[in-house]
Structure formats: structure tokens, C-alpha cells
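Visitor: Provided herewith is a single structure, encoded as C-alpha cells, for subsequent inquiry.
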Amino acid sequence: MDSLRNHFLIASPKLTDDFFDHSLVYLFEHNDEGAFGVVVNKPAPATLSEIVDALDDSSDVPPLMIGGPVNRNVVLFLHDNNPEQAESMELFNGIYLSSTAGFLDNLRGDRAPARCRAFIGSSGWAPGQLGQEIADDAWLVVPARPNVLFDVPYDDQRQAAASTLGIDLNLVLPTGLN
């Protein structure tokens with residue numbers, strides 16, 4: 001299977017897993033060793049300022065999302081690079097990743113990127129696992145778009161990603177349920 005790096009996984013109606021039901025996942029790694037990403041459309045019950053010391057509830061604080069069921073003690077940031085974030089790693093054209101203390105210092109100092117999302121936890125798949133789930137029709141796959149990731153409200157992101165394929169998720173029925 002070709003790499004699905006920088007793609008969205010749209011949970012199909014067939015996927016009824018407690019965590020991934022109705023989710024949209026951004027994959028930022030996919031290779032022979034597995035896949036890694038974050039769920040982008042599930043808000044956390046807390047705010048970022050509630051879990052990070054010395055961070056107030058200013059308007060520059062990004063929303064906190066539940067990125068997945070693993071590494072729940074790690075906060076990851078996906079963002080653009082304006083203003084430039086020296087410690088961040090570019091994942092794909094215009095999408096950067098950070099989890100450093102320096103990035104948190106930038107948030108505290110009002111030097112956060114204009115377009116930023118925070119994620120607690122992440123999502124991962126073992127080698128071959130994601131390919132099997134896709135073959136089992138658990139996921140629709142579409143190239144990721146920064147505007148869907150950063151500019152669309154979280155409750156509309158799944159449909160916005162599906163629209164790039166011309167699909168209205170309200171018209172898709174679960175099939176092949178066991």
C-alpha cells in the first residue's frame with residue numbers, strides 16, 4: 001500500500017468503535033512500521049490552559065482535542081508556521097508539528113501560530129493494521145487539506161473532508177455489518 005502520509009481517514013458508518021465512531025483522523029506518518037496520527041474532531045472535556053501550567057484562557061490558546069487513545073500524557077500541536085516556530089517540524093506543505101517546551105513558551109508569550117490545534121493523545125496502527133481496516137471499509141481516505149484541519153469547526157470537519165470526494169456522509173448507509 002502506498003503511504004497515506006498527509007491524508008485524512010474518515011470513519012465510515014460501518015466503524016462503530018467507541019473511540020473512532022464519527023471521527024476524522026489526520027495521518028502524519030504511514031510506512032512499513034505502521035501509521036500514526038491524531039483524531040481532529042473530538043473536543044477534550046478540558047481546555048489547554050487547564051492542563052498546562054502558566055497558560056491562561058486567552059483567545060490565542062488553541063482548542064484542545066482528544067487525538068487518540070494512546071500517549072494520553074503527551075500534547076501535540078499541529079499548526080501553520082506564521083509566525084515562524086523554529087523548533088517545529090514540517091510534516092507537509094504548510095502543516096507543522098510540535099510538542100516542545102519552546103512551543104509552549106511561545107503560547108505563553110503570545111507568539112503562537114495563527115492557525116493551531118492542540119491534541120492530547122494520539123492514534124496509531126501496527127504494520128498492516130490500517131491497510132486491513134481500509135480493506136474492511138472502516139475508513140474512507142482523502143488527501144488532507146490544511147483549511148479543513150485549521151479553519152473548519154470540528155463538528156463540520158468530517159463532512160468537509162468527505163466533500164472533497166463529492167460524498168455527503170448523511171447519505172451513506174452502513175453496509176456489510178457483521
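Letters for chains follow the order of the C-alpha cells (A, B, ...), residue numbers begin at 1 for each chain, and ligand numbers begin at 1 in the order shown.
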Give me the residues within 8 Å of segment 95-102 of chain A as a list in words, counting only C-alpha atoms and dropping any in the same chain fewer than 6 places off.

Guide: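 Residues meeting the cut-off are Val74, Val75, Leu76, Phe77, Leu78, His79, Asp80, Asn81, Glu87, Ser88, Met89 and Pro146 of chain A.
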
Visitor: Could you write those residues out with C-alpha atoms, as a PDB file, in the first residue's frame?

Guide:
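Ended up saving to result23.pdb:
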```
ATOM      1  CA  VAL A  74       1.523  13.943  25.565  1.00  0.00           C
ATOM      2  CA  VAL A  75       0.226  17.151  23.978  1.00  0.00           C
ATOM      3  CA  LEU A  76       0.913  17.572  20.261  1.00  0.00           C
ATOM      4  CA  PHE A  77       0.372  20.732  18.245  1.00  0.00           C
ATOM      5  CA  LEU A  78      -0.448  20.923  14.551  1.00  0.00           C
ATOM      6  CA  HIS A  79      -0.065  24.434  13.186  1.00  0.00           C
ATOM      7  CA  ASP A  80       0.966  26.684  10.359  1.00  0.00           C
ATOM      8  CA  ASN A  81       4.297  28.455  10.685  1.00  0.00           C
ATOM      9  CA  GLU A  87      11.510  24.052  16.909  1.00  0.00           C
ATOM     10  CA  SER A  88       8.621  22.723  14.817  1.00  0.00           C
ATOM     11  CA  MET A  89       8.894  20.046  12.149  1.00  0.00           C
ATOM     12  CA  PRO A 146      -4.902  22.493   5.721  1.00  0.00           C
TER      13      PRO A 146
END
```

Visitor: Show which residues sit within 10 Å of Asp151 of chain A, as a list in words. Count only C-alpha atoms, and ignore same-chain residues fewer than 5 positions away.

Guide: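 The contact residues come out as Arg115, Cys116, Pro146 and Gln157 of chain A.
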
Visitor: Write the residues of the selection above to a file with C-alpha atoms, as a PDB file, in the first residue's frame.

Guide:
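Heads up, here's the output in selection.pdb:
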```
ATOM      1  CA  ARG A 115      -3.714  28.515  12.886  1.00  0.00           C
ATOM      2  CA  CYS A 116      -3.090  25.942  15.586  1.00  0.00           C
ATOM      3  CA  PRO A 146      -4.902  22.493   5.721  1.00  0.00           C
ATOM      4  CA  GLN A 157     -14.594  18.678   9.605  1.00  0.00           C
TER       5      GLN A 157
END
```

Visitor: Given only C-alpha atoms, how would the per-residue table for segment 99-149 of chain A near segment 1-24 of chain A read, listing every residue at most 6 Å away with its closest atom pair and distance in Å to one decimal, sorted by chain and number, as JSON lines?

Guide:
```
{"residue": "A:Ala138", "atom": "CA", "partner": "A:Leu15", "partner_atom": "CA", "distance": 5.1}
{"residue": "A:Trp139", "atom": "CA", "partner": "A:Ala11", "partner_atom": "CA", "distance": 4.8}
{"residue": "A:Leu140", "atom": "CA", "partner": "A:Ile10", "partner_atom": "CA", "distance": 4.9}
{"residue": "A:Val141", "atom": "CA", "partner": "A:Leu9", "partner_atom": "CA", "distance": 4.9}
{"residue": "A:Val142", "atom": "CA", "partner": "A:Phe8", "partner_atom": "CA", "distance": 5.3}
{"residue": "A:Pro143", "atom": "CA", "partner": "A:His7", "partner_atom": "CA", "distance": 4.2}
{"residue": "A:Ala144", "atom": "CA", "partner": "A:His7", "partner_atom": "CA", "distance": 4.4}
```

Visitor: As an exercise, work out the distance from atom CA of Ala114 of chain A to atom CA of Ser49 of chain A in Å and give it to one decimal place.

Guide: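 Pair atom CA of Ala114 of chain A / atom CA of Ser49 of chain A returns 17.2 Å.
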